[in-house]
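Source file: target.txt; contents: compact mmCIF, C-alpha atoms.
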# COMPACT_ATOMS: atom_id res chain seq x y z
CA MET A 4 -99.44 122.74 -104.68
CA LYS A 5 -101.73 123.36 -107.66
CA HIS A 6 -102.64 126.79 -106.31
CA LEU A 7 -98.99 127.56 -105.48
CA GLU A 8 -97.89 126.73 -109.01
CA MET A 9 -100.80 128.71 -110.45
CA ASN A 10 -99.80 131.81 -108.52
CA GLN A 11 -96.13 131.39 -109.35
CA GLN A 12 -96.94 131.26 -113.05
CA ALA A 13 -99.22 134.29 -112.73
CA TRP A 14 -96.58 136.34 -110.93
CA ASN A 15 -93.86 135.28 -113.35
CA ARG A 16 -95.94 136.80 -116.13
CA ARG A 17 -96.93 139.81 -114.04
CA THR A 18 -93.28 140.55 -113.32
CA GLU A 19 -92.63 140.79 -117.05
CA ILE A 20 -95.54 143.22 -117.40
CA HIS A 21 -94.69 145.25 -114.28
CA ARG A 22 -91.01 145.62 -115.20
CA ASP A 23 -92.01 147.72 -118.23
CA SER A 24 -94.79 149.72 -116.55
CA GLU A 25 -94.97 153.38 -115.61
CA PHE A 26 -96.52 152.24 -112.33
CA TYR A 27 -93.22 150.73 -111.16
CA ASP A 28 -90.98 153.22 -113.03
CA LEU A 29 -87.86 151.07 -113.10
CA ALA A 30 -85.95 153.75 -115.01
CA GLY A 31 -86.75 156.26 -112.28
CA PHE A 32 -85.55 153.85 -109.62
CA LEU A 33 -82.27 153.22 -111.45
CA SER A 34 -81.73 156.97 -111.63
CA GLY A 35 -82.03 157.22 -107.83
CA LYS A 36 -85.76 157.49 -107.12
CA SER A 37 -87.17 155.60 -104.12
CA SER A 38 -90.19 153.34 -104.60
CA LEU A 39 -91.24 153.76 -100.96
CA ASN A 40 -94.18 155.84 -99.75
CA PRO A 41 -94.03 158.17 -96.74
CA LEU A 42 -96.19 155.74 -94.73
CA GLU A 43 -93.73 152.85 -94.80
CA ILE A 44 -90.73 155.11 -94.26
CA GLU A 45 -92.40 156.49 -91.14
CA LEU A 46 -93.50 153.04 -89.98
CA LEU A 47 -90.06 151.43 -90.34
CA GLY A 48 -88.10 154.35 -88.94
CA ASP A 49 -84.32 154.41 -89.18
CA VAL A 50 -83.13 151.15 -90.78
CA THR A 51 -79.45 152.09 -90.96
CA ASP A 52 -77.22 149.05 -90.32
CA LYS A 53 -80.25 146.84 -89.61
CA SER A 54 -80.75 143.39 -91.12
CA LEU A 55 -84.15 143.39 -92.81
CA LEU A 56 -86.19 140.54 -94.26
CA HIS A 57 -88.69 141.65 -96.89
CA LEU A 58 -91.38 139.04 -97.50
CA GLN A 59 -93.14 138.89 -100.89
CA CYS A 60 -90.77 141.49 -102.30
CA HIS A 61 -91.84 141.16 -105.98
CA PHE A 62 -88.92 142.24 -108.17
CA GLY A 63 -87.15 144.09 -105.43
CA LEU A 64 -87.65 147.84 -105.84
CA ASP A 65 -88.92 148.40 -102.29
CA SER A 66 -86.25 146.04 -100.93
CA LEU A 67 -83.52 147.95 -102.73
CA SER A 68 -85.01 151.30 -101.71
CA LEU A 69 -84.63 150.11 -98.11
CA ALA A 70 -81.04 149.13 -98.87
CA ARG A 71 -80.47 152.69 -100.08
CA LEU A 72 -81.60 153.82 -96.63
CA GLY A 73 -78.83 151.75 -95.05
CA ALA A 74 -80.44 148.37 -94.36
CA SER A 75 -78.90 145.01 -95.24
CA VAL A 76 -81.86 143.50 -97.04
CA THR A 77 -82.95 139.97 -97.88
CA GLY A 78 -85.93 139.80 -100.23
CA VAL A 79 -88.14 136.73 -100.67
CA ASP A 80 -90.69 136.02 -103.37
CA LEU A 81 -92.46 133.02 -104.88
CA SER A 82 -91.79 134.15 -108.46
CA ASP A 83 -88.45 132.98 -109.83
CA THR A 84 -88.77 135.55 -112.62
CA ALA A 85 -89.15 138.31 -110.02
CA ILE A 86 -86.15 137.07 -108.04
CA LYS A 87 -83.98 136.94 -111.16
CA GLN A 88 -85.01 140.50 -112.01
CA ALA A 89 -84.36 141.69 -108.44
CA THR A 90 -80.93 140.06 -108.41
CA HIS A 91 -80.09 141.72 -111.73
CA ILE A 92 -81.12 145.17 -110.44
CA ALA A 93 -79.17 144.60 -107.22
CA LYS A 94 -76.02 143.85 -109.20
CA GLU A 95 -76.59 146.89 -111.39
CA THR A 96 -77.01 149.20 -108.39
CA GLY A 97 -74.47 147.54 -106.06
CA LEU A 98 -76.85 147.77 -103.10
CA ASP A 99 -76.47 145.58 -100.00
CA SER A 100 -79.03 142.88 -100.69
CA LYS A 101 -79.73 139.28 -101.56
CA PHE A 102 -82.83 137.59 -102.92
CA ILE A 103 -84.36 134.17 -102.29
CA CYS A 104 -86.99 132.40 -104.37
CA SER A 105 -89.30 130.64 -101.92
CA ASP A 106 -92.87 130.23 -100.82
CA VAL A 107 -93.06 132.40 -97.70
CA LEU A 108 -94.60 129.59 -95.68
CA GLN A 109 -91.60 127.34 -96.45
CA LEU A 110 -88.93 130.02 -96.01
CA ARG A 111 -87.32 128.58 -92.86
CA GLN A 112 -86.39 125.46 -94.82
CA VAL A 113 -83.99 127.53 -96.95
CA ASP A 114 -83.10 130.47 -94.68
CA ASP A 115 -82.48 130.09 -90.95
CA SER A 116 -81.12 133.62 -90.45
CA LYS A 117 -82.38 135.98 -87.75
CA TYR A 118 -83.24 139.58 -88.61
CA ASP A 119 -83.69 142.90 -86.82
CA VAL A 120 -86.75 143.68 -88.93
CA VAL A 121 -89.28 141.66 -90.94
CA TYR A 122 -91.42 143.67 -93.32
CA THR A 123 -94.21 142.99 -95.84
CA SER A 124 -96.66 145.28 -97.60
CA TYR A 125 -99.52 145.97 -100.01
CA GLY A 126 -101.58 143.06 -101.28
CA VAL A 127 -99.57 140.25 -99.71
CA LEU A 128 -101.82 138.29 -97.35
CA CYS A 129 -104.43 137.24 -99.90
CA TRP A 130 -101.86 134.92 -101.52
CA LEU A 131 -101.39 132.90 -98.32
CA PRO A 132 -103.78 130.11 -97.28
CA ASP A 133 -102.49 129.85 -93.69
CA LEU A 134 -101.64 132.84 -91.49
CA THR A 135 -100.72 130.64 -88.53
CA GLN A 136 -97.73 129.29 -90.40
CA TRP A 137 -97.00 132.76 -91.81
CA ALA A 138 -96.82 134.28 -88.33
CA ASN A 139 -94.59 131.46 -87.09
CA VAL A 140 -92.16 132.10 -89.97
CA ILE A 141 -92.06 135.77 -88.96
CA ALA A 142 -91.44 134.98 -85.29
CA GLU A 143 -88.73 132.45 -86.11
CA SER A 144 -87.03 134.91 -88.45
CA LEU A 145 -86.81 137.73 -85.88
CA LYS A 146 -84.08 138.32 -83.35
CA GLU A 147 -85.25 138.90 -79.81
CA GLY A 148 -86.38 142.50 -79.63
CA GLY A 149 -86.82 142.58 -83.40
CA GLU A 150 -89.83 144.20 -85.02
CA PHE A 151 -92.35 143.05 -87.62
CA HIS A 152 -94.11 145.64 -89.78
CA LEU A 153 -97.11 145.01 -92.02
CA ILE A 154 -98.88 147.47 -94.31
CA GLU A 155 -101.84 145.89 -96.05
CA PHE A 156 -104.95 146.83 -97.99
CA HIS A 157 -107.99 146.82 -95.75
CA PRO A 158 -110.43 143.89 -96.19
CA PHE A 159 -113.31 146.36 -95.97
CA HIS A 160 -112.66 147.29 -99.60
CA ASP A 161 -112.70 143.63 -100.70
CA VAL A 162 -115.99 143.02 -98.92
CA MET A 163 -117.51 145.99 -100.75
CA ALA A 164 -116.28 144.42 -104.01
CA GLY A 165 -118.08 141.16 -103.21
CA TYR A 166 -115.27 139.07 -101.76
CA PRO A 167 -115.61 137.15 -98.45
CA TYR A 168 -114.28 138.66 -95.21
CA PHE A 169 -113.62 135.48 -93.22
CA ASN A 170 -111.17 132.78 -94.26
CA THR A 171 -112.96 129.61 -95.32
CA TYR A 172 -109.61 127.98 -96.24
CA GLU A 173 -110.99 127.37 -99.71
CA ALA A 174 -109.10 129.12 -102.49
CA TYR A 175 -110.96 131.73 -104.49
CA VAL A 176 -109.86 131.04 -108.08
CA GLU A 177 -110.44 133.58 -110.83
CA SER A 178 -108.85 135.08 -113.93
CA GLU A 179 -108.04 138.78 -113.84
CA SER A 180 -105.64 141.28 -115.34
CA THR A 181 -102.97 142.89 -113.24
CA TYR A 182 -103.11 146.41 -111.82
CA THR A 183 -100.53 148.28 -113.91
CA GLU A 184 -101.51 150.60 -116.73
CA ASN A 185 -99.89 148.37 -119.39
CA SER A 186 -101.78 145.17 -118.54
CA GLY A 187 -104.14 145.38 -121.52
CA ASP A 188 -106.73 142.61 -121.78
CA GLU A 189 -104.37 139.83 -120.73
CA GLU A 190 -105.52 137.90 -117.67
CA GLN A 191 -103.81 135.47 -115.33
CA GLU A 192 -105.47 132.69 -113.37
CA ILE A 193 -104.89 133.22 -109.65
CA ALA A 194 -105.86 131.70 -106.31
CA THR A 195 -106.45 133.91 -103.26
CA TRP A 196 -107.73 133.60 -99.70
CA ALA A 197 -109.63 136.02 -97.45
CA HIS A 198 -108.20 137.07 -94.06
CA SER A 199 -110.08 139.07 -91.44
CA LEU A 200 -108.31 141.60 -89.23
CA SER A 201 -108.84 139.37 -86.21
CA GLU A 202 -107.18 136.45 -88.00
CA VAL A 203 -104.09 138.56 -88.74
CA ILE A 204 -103.75 139.89 -85.19
CA SER A 205 -104.54 136.55 -83.54
CA ALA A 206 -101.96 134.70 -85.65
CA LEU A 207 -99.21 137.13 -84.67
CA ILE A 208 -100.13 136.91 -80.97
CA ALA A 209 -100.26 133.09 -81.10
CA ALA A 210 -96.76 133.07 -82.62
CA GLY A 211 -95.48 134.84 -79.50
CA LEU A 212 -95.27 138.39 -80.83
CA SER A 213 -96.47 141.43 -78.90
CA ILE A 214 -98.63 143.89 -80.81
CA LYS A 215 -97.09 147.33 -80.46
CA ALA A 216 -99.35 149.32 -82.77
CA PHE A 217 -102.37 148.89 -85.04
CA ARG A 218 -103.58 151.67 -87.30
CA GLU A 219 -106.13 152.08 -90.08
CA GLN A 220 -105.85 154.51 -93.00
CA ASP A 221 -108.63 155.98 -95.12
CA TYR A 222 -106.57 156.17 -98.32
CA SER A 223 -104.37 154.16 -100.66
CA PRO A 224 -101.10 155.58 -102.00
CA TYR A 225 -101.87 153.77 -105.27
CA ASN A 226 -104.72 154.23 -107.72
CA CYS A 227 -105.02 150.47 -108.07
CA PHE A 228 -108.75 149.88 -107.49
CA ASP A 229 -111.82 150.91 -109.41
CA GLY A 230 -113.71 153.97 -108.24
CA LEU A 231 -110.97 155.74 -106.29
CA GLU A 232 -110.67 159.53 -106.15
CA GLU A 233 -107.39 161.40 -105.62
CA THR A 234 -108.56 163.70 -102.84
CA SER A 235 -105.04 165.03 -102.22
CA PRO A 236 -101.70 164.30 -103.91
CA GLY A 237 -100.88 160.60 -103.45
CA HIS A 238 -104.04 159.91 -101.44
CA PHE A 239 -106.65 157.84 -103.29
CA GLN A 240 -109.92 157.34 -101.44
CA LYS A 241 -113.13 155.38 -101.89
CA LEU A 242 -115.97 157.68 -100.92
CA VAL A 243 -119.40 156.40 -99.91
CA GLU A 244 -121.98 159.11 -99.20
CA ASN A 245 -118.98 161.47 -99.37
CA GLU A 246 -117.28 159.65 -96.48
CA PRO A 247 -114.00 157.71 -96.94
CA VAL A 248 -113.96 153.98 -96.24
CA PRO A 249 -110.91 152.27 -94.73
CA MET A 250 -108.36 151.45 -97.42
CA MET A 251 -105.27 150.24 -95.53
CA TYR A 252 -104.09 149.13 -92.13
CA SER A 253 -100.70 148.72 -90.50
CA VAL A 254 -99.43 146.49 -87.71
CA THR A 255 -96.21 146.65 -85.72
CA ALA A 256 -95.32 143.66 -83.54
CA VAL A 257 -92.25 142.91 -81.42
CA LYS A 258 -90.55 139.64 -80.52
CA PRO A 259 -90.07 139.73 -76.75
CA VAL A 260 -86.59 139.56 -75.24
CA LEU A 261 -86.56 136.38 -73.18
CA SER A 262 -82.90 135.67 -72.54
CA LYS A 263 -80.70 137.83 -70.30
CA ARG A 264 -77.64 139.40 -71.85
Would you mind giving the structure from this file in structure tokens?
Amino acid sequence: MKHLEMNQQAWNRRTEIHRDSEFYDLAGFLSGKSSLNPLEIELLGDVTDKSLLHLQCHFGLDSLSLARLGASVTGVDLSDTAIKQATHIAKETGLDSKFICSDVLQLRQVDDSKYDVVYTSYGVLCWLPDLTQWANVIAESLKEGGEFHLIEFHPFHDVMAGYPYFNTYEAYVESESTYTENSGDEEQEIATWAHSLSEVISALIAAGLSIKAFREQDYSPYNCFDGLEETSPGHFQKLVENEPVPMMYSVTAVKPVLSKR
């Protein structure tokens, strides 16, 4: 609980910083701009008239961008400040959405709905100590035949930066500034956990989901790490001996249809 409260406080403050950043461009979003990248649009496909659960949604810009594409979206985040901001933006835009403040691992205690799609992306897993429980929440939140989509930063980059690859179940506690251009010298104390690729895939399989696709990408759509080069528009790479290292990966999993209609 100490680590949970620490991270909630950190993300409450980060929401205040991010809301005013060029990185998130709230004004652009309110004028009609989407916050989504081509990768997630391609991965999710047509979301028209689909119920979609967005885990760790921050202050809702991606969630509401998905609502603009026709989905009925429920966003979930640990930060009550982020959820208040997301709810405010949703009211301002009139988009089909609702937002829940909850620890992802405890979500089923406050939301027992079933969704066509569960989605989460970009720097989400490091905040979770237990992927077994995470995967079970995903499986329980999906309708039969529903799909789960994950886009995440590749652990290869973290290992190169000196972080562990395998989960020791001990929190890594540090103070660091956030990733937006307006963060200044202010730092927040945070607790994170390492998760290997095998841990992610194994947790989803153990929860009863079938892996449909796994892909790795050699770029980030965000210039959010030290030492990246923009090798083409919107593609930021880490080059070692002039070769790109893996920067992201994506997973699509399906909940099997068990009952006969």
Around all of region 136-154 of chain A's listed atoms, make the axis-aligned box with 8 Å on each side and tell me centre and edge lengths in Å to one decimal, as lines of an AutoDock Vina configuration file.
center_x = -91.5
center_y = 138.4
center_z = -87.0
size_x = 30.8
size_y = 34.2
size_z = 30.7
Residues near Gly97 (chain A), anyone? I mean within 10 Å using all atoms listed in the file, not counting same-chain ones fewer than 6 positions away, as a PyMOL selection string.
chain A and resi 67+70-71+91
Contacts of Leu69 (chain A) at 10 Å or less, counting all atoms listed in the file, minus same-chain residues fewer than 4 places along, as JSON, numbers by chain?
{"A": [37, 38, 39, 44, 47, 49, 50, 51, 55, 57, 63, 64, 65, 73, 74, 75, 76, 98, 99, 100]}
Residues at most 6 Å from region 135-152 of chain A, counting all atoms listed in the file, excluding those fewer than 4 positions away in the same chain, as a list in words?
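With the cut-off at 6 Å, the set is Leu108, Lys117, Tyr118, Asp119, Val120, Val121, Tyr122, Ala206, Leu207, Ala210, Val254, Thr255, Ala256, Val257, Lys258, Pro259 and Val260 of chain A.
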Would you mind exporting the chosen residues as a CSV table (one decimal), keeping the file's coordinate frame, restricted to C-alpha atoms?
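Below is the file that was written, again_1.csv:
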chain,number,residue,atom,x,y,z
A,108,LEU,CA,-94.6,129.6,-95.7
A,117,LYS,CA,-82.4,136.0,-87.8
A,118,TYR,CA,-83.2,139.6,-88.6
A,119,ASP,CA,-83.7,142.9,-86.8
A,120,VAL,CA,-86.8,143.7,-88.9
A,121,VAL,CA,-89.3,141.7,-90.9
A,122,TYR,CA,-91.4,143.7,-93.3
A,206,ALA,CA,-102.0,134.7,-85.6
A,207,LEU,CA,-99.2,137.1,-84.7
A,210,ALA,CA,-96.8,133.1,-82.6
A,254,VAL,CA,-99.4,146.5,-87.7
A,255,THR,CA,-96.2,146.6,-85.7
A,256,ALA,CA,-95.3,143.7,-83.5
A,257,VAL,CA,-92.2,142.9,-81.4
A,258,LYS,CA,-90.6,139.6,-80.5
A,259,PRO,CA,-90.1,139.7,-76.8
A,260,VAL,CA,-86.6,139.6,-75.2
Counting only C-alpha atoms, select every polymer residue within 12 Å of (-109.6, 161.4, -102.5) as defined in the file's coordinates, and provide the selection as a ChimeraX atom specification.
/A:221-226,230-243,245-248,250
Looking at A:Glu184, A:Asp23, A:Glu155, A:Glu177, which one is nearest to Tyr252 (chain A), with distances taken over all atoms listed in the file?
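Among the listed residues, A:Glu155 lies closest to Tyr252 (chain A).
Proximity of A:Asp161, A:Gln191, A:Ile92, A:Glu173 to Ala30 (chain A), computed with only C-alpha atoms, is greatest for A:Ile92.
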Looking at all atoms listed in the file, which of A:Leu58, A:Leu42, A:Leu212, A:Ile86 is the one that sits closest to Leu131 (chain A)?
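When distances to Leu131 (chain A) are compared using all atoms listed in the file, the smallest one comes from A:Leu58.
Atom to atom, CA of Val176 (chain A) and CA of Trp196 (chain A) stand 9.0 Å apart.
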How far is it from CA of Leu29 (chain A) to CA of Asp114 (chain A), in Å with one decimal?
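If I compute the distance from CA of Leu29 (chain A) to CA of Asp114 (chain A), I get 28.0 Å.
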One decimal, in Å: what's the spacing between CA of Leu7 (chain A) and CA of Gly211 (chain A)?
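Going from CA of Leu7 (chain A) over to CA of Gly211 (chain A) covers 27.2 Å.
Comparing the minimum interatomic distances between Trp14 (chain A) and each of A:Phe156, A:Thr84, A:Glu43, A:Phe228, counting only C-alpha atoms, we find that A:Thr84 sits nearest.
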Ranking A:Gln88, A:Asp83, A:Leu200, A:Glu95 by minimum distance to Gln12 (chain A) and counting only C-alpha atoms, which one comes first?
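With only C-alpha atoms as the atom set, the closest residue is A:Asp83.
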Which residue is closest to Ala85 (chain A)? Choose from A:Asp28, A:Glu8, A:Asp133, A:Glu19 and count only C-alpha atoms.
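Using only C-alpha atoms, the shortest distance to Ala85 (chain A) belongs to A:Glu19.
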Skipping near chain neighbours, those fewer than 3 positions away, what residues fall within 9 Å of Glu190 (chain A) using all atoms listed in the file, listed as a ChimeraX atom specification?
/A:13,178-181,186-187
